[in-house]
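These notes are about the structure you will find just below.
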Amino acid sequence: MARRVRWVRAPDARGGRRANVKLRKGKVIPRDDGKRIEEFVGAATTGTDSVSVARMLAPPGWSEPAQKPEFDEVVIVLKGELTLVVDGRRQLIEQGEMGLVPRGRRVVYRNDGQGACDYYSVCAPAFRVELANIEQAEEEPQENRVTVQVAHPQGKRFSKQVTELAETFLEKLELSGCELSISLVGDHAIRRLNRTWRKKDKATDVLSFPAGEAPKGTPGPRQLGDVVISLDTAKLQAREYERTLEQEVARYLAHGLLHLLGHDHERPKDAQKMARAEERLLGASGMVGDAVAPRARKLMT
């Protein structure tokens with residue numbers, strides 16, 4: 001194992017500098033990604049511009065955004081393995097091996113191994129953040145979560161289809177990191193909910209219960225709310241309008257989801273906007289689109 005030694009210049013009796021003074025401890029550079037950097041020679045420690053020497057300890061799973069540095073870098077792996085992706089080509093530097101990344105090449109550093117990677121980095125000229133040209137890391141979109149509650153004898157066979165349909169709708173709406181709850185019920189259950197929450201004592205096709213805005217900083221996915229669909233009403237409406245039951249349920253889901261997102265159809269202008277949104281999701285006219293006046297339909301096209 002290499003000794004932790006750095007070489008600096010110390011003042012002599014005449015106020016000049018003399019070389020080769022051994023210092024066994026470097027300066028730890030603060031990081032927030034789990035990687036440890038201890039610089040022995042460089043801009044942050046000795047004020048050296050021509051070269052920098054630092055020891056790195058990268059935990060398993062660690063990676064950095066792509067960068068195109070204005071310095072040459074040599075890496076010397078003491079333990080573990082280091083992955084370099086240089087101009088799209090993957091190179092694995094294993095224990096006891098060295099790697100060279102010439103300046104001006106686009107490189108990604110990461111540790112794909114099962115254990116920590118202990119290595120030295122030598123940069124010429126010395127590493128500086130402004131010379132690394134680190135690209136802005138793009139946040140990966142978070143997955144949506146859809147849960148389906150079944151409270152109808154025929155609901156089980158629709159559960160998977162409704163889940164996939166909801167995921168497709170959320171993707172079309174360019175939503176990520178959201179949680180949506182869907183309930184497949186009968187007329188009796190939806191009538192009870194309609195009576196309790198809307199003071200309307202009758203069955204209906206679909207009800208929406210928005211979750212509301214969570215306080216800023218609340219962890220976890222964004223809660224959209226609940227969509228409740230009556231399969232009894234869907235069967236009746238599908239027969240009456242010569243649609244399949246699957247098509248009818250899709251119409252209810254699109255309508256209910258848009259209500260969760262703040263759409264409404266009380267005013268003509270809002271109805272036109274919601275009708276267009278339904279059509280984008282379904283690829284055909286939805287519940288609001290079928291209800292608006294012919295003149296309003298012309299304005300939407």
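In the structure tokens, chains take the letters A, B, ... in the order shown, each chain's residues start at 1, and ligands count up from 1 in the order shown.
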
Legend entry - 12 Å contact set for range 236-239 of chain A, only C-alpha atoms, chain neighbours under 2 positions out, as a list in words: Gly186, Asp187, Thr204, Asp205, Ser230, Leu231, Asp232, Thr233, Ala234, Tyr241, Glu242, Arg243, Thr244, Leu245, Glu246, Gln247, Glu248, Val249, Ala250, Arg251, Tyr252 and Met287 of chain A

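CA of Thr46 in chain A sits 21.3 Å away from CA of Ile76 in chain A.
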
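Nearest to Lys68 in chain A of all the residues A:Lys27, A:Met56, A:Ile134, A:Arg128 is A:Ile134, based on only C-alpha atoms.
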
Inset, instruction - Could you find all residues in range 105-259 of chain A that DSSP calls strand (DSSP E) from the backbone, and write them as a PyMOL selection string? - result: chain A and resi 107-110+117-124+145-150+178-185+206-210+222-230

Inset, instruction - Find the residues near Arg106 in chain A: any atom within 7 Å, counting only C-alpha atoms, skip ones fewer than 3 places away on the same chain, and give them as a ChimeraX atom specification. - result: /A:66-68,86-87

Legend entry - Residues near Thr83 in chain A, cut-off 10 Å, only C-alpha atoms, skip fewer than 6 positions along chain, as JSON, numbers by chain: {"A": [63, 90, 91, 92, 93, 94, 99, 108, 109, 110, 111, 112, 113, 117]}

Compile the contact shell of Glu278 in chain A as a PDB file with C-alpha atoms, in the first residue's frame: residues with an atom at most 9 Å away, counting only C-alpha atoms, same-chain residues fewer than 4 positions apart removed.
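Below you can see out-v7.pdb, which holds the result:
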```
ATOM      1  CA  ARG A 251     -63.328   7.184 -20.970  1.00  0.00           C
ATOM      2  CA  ALA A 254     -59.399   9.789 -18.546  1.00  0.00           C
ATOM      3  CA  HIS A 255     -62.225  12.005 -17.293  1.00  0.00           C
ATOM      4  CA  LEU A 258     -58.170  15.097 -15.563  1.00  0.00           C
ATOM      5  CA  LYS A 273     -60.015  22.657 -22.798  1.00  0.00           C
ATOM      6  CA  MET A 274     -60.945  19.488 -20.931  1.00  0.00           C
ATOM      7  CA  LEU A 282     -58.032   8.584 -25.691  1.00  0.00           C
ATOM      8  CA  GLY A 283     -57.299   9.320 -29.317  1.00  0.00           C
ATOM      9  CA  ALA A 284     -61.028   9.964 -29.695  1.00  0.00           C
ATOM     10  CA  SER A 285     -63.747  12.139 -28.255  1.00  0.00           C
ATOM     11  CA  GLY A 286     -64.272  11.693 -24.510  1.00  0.00           C
ATOM     12  CA  MET A 287     -67.093  12.342 -22.076  1.00  0.00           C
ATOM     13  CA  VAL A 288     -66.851  16.128 -22.182  1.00  0.00           C
ATOM     14  CA  GLY A 289     -66.285  16.219 -25.936  1.00  0.00           C
TER      15      GLY A 289
END
```

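Here CA of Gln272 in chain A stands at a distance of 20.0 Å from CA of Leu207 in chain A.
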
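Across A:Ala54, A:Ala189, A:Leu165, A:Leu180, the tightest approach to Phe209 in chain A is made by A:Leu180 when counting only C-alpha atoms.
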
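Nearest residue to Leu82 in chain A, choosing from A:Pro59, A:Gly220, A:Gly177, A:Pro102 and counting only C-alpha atoms: A:Pro59.
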
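Between CA of Glu279 in chain A and CA of Phe169 in chain A the interatomic distance comes to 11.2 Å.
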
Legend entry - Residues within 10 Å of Ala271 in chain A, only C-alpha atoms, excluding chain neighbours under 5 positions, as a list in words: His263, Asp264, His265, Glu266, Arg276, Ala277, Val288, Gly289, Ala291, Val292 and Ala296 of chain A

Produce a file of the selected residues containing C-alpha atoms, as a PDB file, in the first residue's frame.
```pdb
ATOM      1  CA  HIS A 263     -59.674  20.315 -15.162  1.00  0.00           C
ATOM      2  CA  ASP A 264     -63.355  21.243 -15.081  1.00  0.00           C
ATOM      3  CA  HIS A 265     -66.208  21.595 -17.557  1.00  0.00           C
ATOM      4  CA  GLU A 266     -68.617  24.013 -15.866  1.00  0.00           C
ATOM      5  CA  ARG A 276     -59.163  18.485 -25.928  1.00  0.00           C
ATOM      6  CA  ALA A 277     -57.242  16.917 -23.057  1.00  0.00           C
ATOM      7  CA  VAL A 288     -66.851  16.128 -22.182  1.00  0.00           C
ATOM      8  CA  GLY A 289     -66.285  16.219 -25.936  1.00  0.00           C
ATOM      9  CA  ALA A 291     -71.411  16.671 -24.304  1.00  0.00           C
ATOM     10  CA  VAL A 292     -70.322  20.021 -25.696  1.00  0.00           C
ATOM     11  CA  ALA A 296     -67.973  24.386 -29.448  1.00  0.00           C
TER      12      ALA A 296
END
```

Legend entry - Asp118 in chain A environment, 7 Å, only C-alpha atoms, sequence neighbours closer than 3 positions dropped, as a ChimeraX atom specification: /A:56-58,77-80

Those selected residues, please, written with all heavy atoms and delivered as a PDB file, in the first residue's frame.
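Final output, out07.pdb:
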```pdb
ATOM      1  N   MET A  56      -8.332   8.844  -3.800  1.00  0.00           N
ATOM      2  CA  MET A  56      -9.784   8.774  -3.869  1.00  0.00           C
ATOM      3  C   MET A  56     -10.285   7.471  -3.256  1.00  0.00           C
ATOM      4  O   MET A  56      -9.633   6.424  -3.389  1.00  0.00           O
ATOM      5  CB  MET A  56     -10.264   8.825  -5.327  1.00  0.00           C
ATOM      6  CG  MET A  56      -9.590   9.863  -6.198  1.00  0.00           C
ATOM      7  SD  MET A  56     -10.176  11.525  -5.833  1.00  0.00           S
ATOM      8  CE  MET A  56      -9.574  12.410  -7.277  1.00  0.00           C
ATOM      9  N   LEU A  57     -11.431   7.524  -2.639  1.00  0.00           N
ATOM     10  CA  LEU A  57     -12.118   6.324  -2.171  1.00  0.00           C
ATOM     11  C   LEU A  57     -13.573   6.440  -2.624  1.00  0.00           C
ATOM     12  O   LEU A  57     -14.340   7.236  -2.086  1.00  0.00           O
ATOM     13  CB  LEU A  57     -12.036   6.192  -0.653  1.00  0.00           C
ATOM     14  CG  LEU A  57     -12.572   4.866  -0.089  1.00  0.00           C
ATOM     15  CD1 LEU A  57     -11.712   3.692  -0.583  1.00  0.00           C
ATOM     16  CD2 LEU A  57     -12.588   4.886   1.436  1.00  0.00           C
ATOM     17  N   ALA A  58     -13.919   5.661  -3.655  1.00  0.00           N
ATOM     18  CA  ALA A  58     -15.254   5.736  -4.261  1.00  0.00           C
ATOM     19  C   ALA A  58     -16.086   4.536  -3.820  1.00  0.00           C
ATOM     20  O   ALA A  58     -15.690   3.386  -4.039  1.00  0.00           O
ATOM     21  CB  ALA A  58     -15.144   5.756  -5.781  1.00  0.00           C
ATOM     22  N   VAL A  77      -5.149   2.408  -9.626  1.00  0.00           N
ATOM     23  CA  VAL A  77      -6.082   1.709  -8.740  1.00  0.00           C
ATOM     24  C   VAL A  77      -5.316   0.862  -7.737  1.00  0.00           C
ATOM     25  O   VAL A  77      -4.542  -0.037  -8.114  1.00  0.00           O
ATOM     26  CB  VAL A  77      -7.067   0.843  -9.555  1.00  0.00           C
ATOM     27  CG1 VAL A  77      -7.974   0.051  -8.614  1.00  0.00           C
ATOM     28  CG2 VAL A  77      -7.903   1.721 -10.470  1.00  0.00           C
ATOM     29  N   LEU A  78      -5.514   1.139  -6.462  1.00  0.00           N
ATOM     30  CA  LEU A  78      -4.872   0.384  -5.390  1.00  0.00           C
ATOM     31  C   LEU A  78      -5.713  -0.808  -4.957  1.00  0.00           C
ATOM     32  O   LEU A  78      -5.184  -1.872  -4.619  1.00  0.00           O
ATOM     33  CB  LEU A  78      -4.625   1.298  -4.175  1.00  0.00           C
ATOM     34  CG  LEU A  78      -3.852   2.588  -4.439  1.00  0.00           C
ATOM     35  CD1 LEU A  78      -3.791   3.417  -3.156  1.00  0.00           C
ATOM     36  CD2 LEU A  78      -2.459   2.279  -4.945  1.00  0.00           C
ATOM     37  N   LYS A  79      -7.034  -0.630  -4.980  1.00  0.00           N
ATOM     38  CA  LYS A  79      -7.941  -1.688  -4.533  1.00  0.00           C
ATOM     39  C   LYS A  79      -9.286  -1.512  -5.218  1.00  0.00           C
ATOM     40  O   LYS A  79      -9.751  -0.397  -5.407  1.00  0.00           O
ATOM     41  CB  LYS A  79      -8.110  -1.635  -3.008  1.00  0.00           C
ATOM     42  CG  LYS A  79      -8.970  -2.754  -2.433  1.00  0.00           C
ATOM     43  CD  LYS A  79      -9.050  -2.644  -0.921  1.00  0.00           C
ATOM     44  CE  LYS A  79      -9.917  -3.756  -0.349  1.00  0.00           C
ATOM     45  NZ  LYS A  79     -10.032  -3.645   1.140  1.00  0.00           N
ATOM     46  N   GLY A  80      -9.900  -2.619  -5.595  1.00  0.00           N
ATOM     47  CA  GLY A  80     -11.197  -2.555  -6.252  1.00  0.00           C
ATOM     48  C   GLY A  80     -11.042  -2.352  -7.750  1.00  0.00           C
ATOM     49  O   GLY A  80     -10.038  -2.754  -8.350  1.00  0.00           O
TER      50      GLY A  80
END
```

Inset, instruction - From a DSSP pass on the backbone, collect the residues of range 87-271 of chain A flagged as alpha helix (DSSP H) and hand them back as a PyMOL selection string. - result: chain A and resi 129-132+156-172+187-198+231-240+245-260+268-271

Inset, instruction - Can you work out which one of A:Ala124, A:Val227, A:Val41, A:Leu253 has the shortest atom-to-atom distance to Thr168 in chain A, counting only C-alpha atoms? - result: A:Leu253
